[in-house]
Amino acid sequence: MVKGVWQLFREDASRWIIQGTLTPAAQVTFLRAIVLLYRYRALRATLWFRIGGWFQRQRVPLIPGIIQRRITTVYGLEIEVGIPIGGGFYIAHPVGTVIASRGIGENCSIISSVTIGMRNEWAFPKIGYNVFIGAGARVLGGITVGDNAVVGANAVVIEDVPAGATVVGIPAKVVRRTGDTISLPGIKVPDYCGEETKSA
Ligand SMILES: CC(C)(COP(=O)(O)OP(=O)(O)OC[C@H]1O[C@@H](n2cnc3c(N)ncnc32)[C@H](O)[C@@H]1OP(=O)(O)O)[C@@H](O)C(=O)NCCC(=O)NCCS
């Protein structure tokens, strides 16, 4: 089922009830959403991203580009509004963050000044479910970051990251693995905002 803007936004907003944690989206009432939006600039940027994505999917001309530019000028976040990103998307500090990706799974956390983009060819990363990307990290090229992976602050990731692994350093290397056995091809990225496809 394709999720609408409100449902996706509720899931995003739920990450702000206690910052960065996973809270059921059902706890985000309309009133609570207003309060969270008032408090958190980063959440306002996320809402604009969701609205821009909606216009993009409706194939409305001009509006997605205008919203994308607004997100950059007002919030300092460069993000393509057409990227499929699952609900529960948490960007702690949008300023200086650049996101160009093939898709990002649900409940991902991006802390600050992160770059997700191409390396030396026109190919972009795919990020799995519940991935944490620390401050200043760069995730580059047509790689895949597996579900539940952790990218340490300032890491430069240029190779696939196995599910459940923690990577740090330049170039990033695995320093820890959880018992998570989900393999890279199993990665789930929403095809379009909630309609999940399994793809490599
Ligand atoms: C990677 C991280 C999540 C820690 O993961 P962890 O599983 O608890 O790992 P540890 O702290 O035990 O560190 C494991 C090893 O990696 C090293 N390490 C940890 N974080 C590192 C980093 N960002 N860069 C380089 N090395 C790092 C540790 O020194 C340790 O090395 P050692 O085994 O030789 O002693 C954490 O260090 C991190 O980078 N968090 C990002 C936080 C952030 O972005 N904060 C910004 C707030 S605005």
# chains A, B, ... in the order shown; residues from 1 in each chain; ligands from 1
call {"tool": "residues_around", "arguments": {"residues": "range 71-82 of chain A", "least_positions_apart": "5", "cutoff": "7 Å", "atoms": "only C-alpha atoms", "output": "PyMOL selection string"}}
result
chain A and resi 45+48-49+52-53+56+64+94-100
call {"tool": "residues_around", "arguments": {"residues": "Thr46 in chain A", "least_positions_apart": "2", "cutoff": "8 Å", "atoms": "only C-alpha atoms", "output": "MDAnalysis selection string"}}
result
chainID A and resid 9 12 42:44 48:50 89 91
call {"tool": "closest_residue", "arguments": {"among": "A:Tyr129, A:His93, A:Gly146, A:Gly141", "to": "ligand 1", "atoms": "only C-alpha atoms and all ligand atoms"}}
result
A:His93
call {"tool": "residues_near_ligand", "arguments": {"ligand": "ligand 1", "cutoff": "10 Å", "atoms": "only C-alpha atoms and all ligand atoms", "output": "PyMOL selection string"}}
result
chain A and resi 92-93+109-114+132-137+149-156+165-170+172-178
call {"tool": "atom_distance", "arguments": {"atom1": "CA of Ile66 in chain A", "atom2": "CA of Ser101 in chain A"}}
result
19.7 Å
call {"tool": "select_by_dssp", "arguments": {"residues": "chain A", "states": "strand (DSSP E)", "output": "ChimeraX atom specification"}}
result
/A:77-79,90-93,97-99,103-104,109-112,115-117,126-127,132-133,138-140,144-145,150-151,156-157,165-168,173-177,188-192,195-198
call {"tool": "write_last_selection", "arguments": {"atoms": "C-alpha atoms", "output": "tab-separated table (two decimals), in the first residue's frame"}}
result
chain	number	residue	atom	x	y	z
A	77	LEU	CA	19.42	20.76	3.19
A	78	GLU	CA	20.05	19.61	-0.37
A	79	ILE	CA	17.74	16.71	-1.05
A	90	TYR	CA	15.06	11.52	11.01
A	91	ILE	CA	17.50	14.27	10.09
A	92	ALA	CA	18.77	15.76	13.33
A	93	HIS	CA	20.49	18.83	11.83
A	97	THR	CA	23.49	17.77	4.52
A	98	VAL	CA	23.29	16.58	0.91
A	99	ILE	CA	21.17	13.56	-0.01
A	103	GLY	CA	16.33	5.06	-1.96
A	104	ILE	CA	16.36	5.04	1.83
A	109	SER	CA	18.69	8.54	11.06
A	110	ILE	CA	21.02	11.11	9.54
A	111	ILE	CA	22.74	13.28	12.10
A	112	SER	CA	24.44	16.31	10.55
A	115	THR	CA	26.77	13.63	2.17
A	116	ILE	CA	25.05	10.76	0.39
A	117	GLY	CA	25.87	10.95	-3.29
A	126	LYS	CA	20.97	2.78	-1.55
A	127	ILE	CA	20.40	2.86	2.19
A	132	PHE	CA	22.22	5.34	11.42
A	133	ILE	CA	24.60	7.75	9.66
A	138	ARG	CA	30.13	10.60	3.43
A	139	VAL	CA	28.44	7.67	1.72
A	140	LEU	CA	29.57	7.64	-1.90
A	144	THR	CA	24.39	-0.45	-0.64
A	145	VAL	CA	24.26	0.11	3.10
A	150	VAL	CA	25.74	2.14	11.68
A	151	VAL	CA	28.06	4.59	9.94
A	156	VAL	CA	33.88	7.86	4.23
A	157	VAL	CA	31.97	4.84	2.97
A	165	ALA	CA	27.60	-3.72	10.70
A	166	THR	CA	29.20	-0.64	12.23
A	167	VAL	CA	31.73	1.05	9.96
A	168	VAL	CA	34.15	3.84	10.84
A	173	LYS	CA	35.90	-0.44	7.66
A	174	VAL	CA	33.71	-2.74	9.72
A	175	VAL	CA	34.50	-2.54	13.45
A	176	ARG	CA	31.44	-4.32	14.79
A	177	ARG	CA	28.68	-6.66	13.62
A	188	LYS	CA	14.08	-3.17	1.67
A	189	VAL	CA	13.73	0.25	0.17
A	190	PRO	CA	10.34	1.75	-0.48
A	191	ASP	CA	9.64	1.83	-4.19
A	192	TYR	CA	7.58	4.89	-3.64
A	195	GLU	CA	5.31	0.53	-1.26
A	196	GLU	CA	8.23	-1.69	-0.44
A	197	THR	CA	10.11	-3.68	-3.02
A	198	LYS	CA	12.86	-6.14	-2.41
call {"tool": "atom_distance", "arguments": {"atom1": "CA of Leu36 in chain A", "atom2": "CA of Asn107 in chain A"}}
result
17.4 Å
call {"tool": "select_by_dssp", "arguments": {"residues": "range 16-156 of chain A", "states": "alpha helix (DSSP H)", "output": "VMD selection string"}}
result
chain A and resid 30 to 39 41 to 57 63 to 75
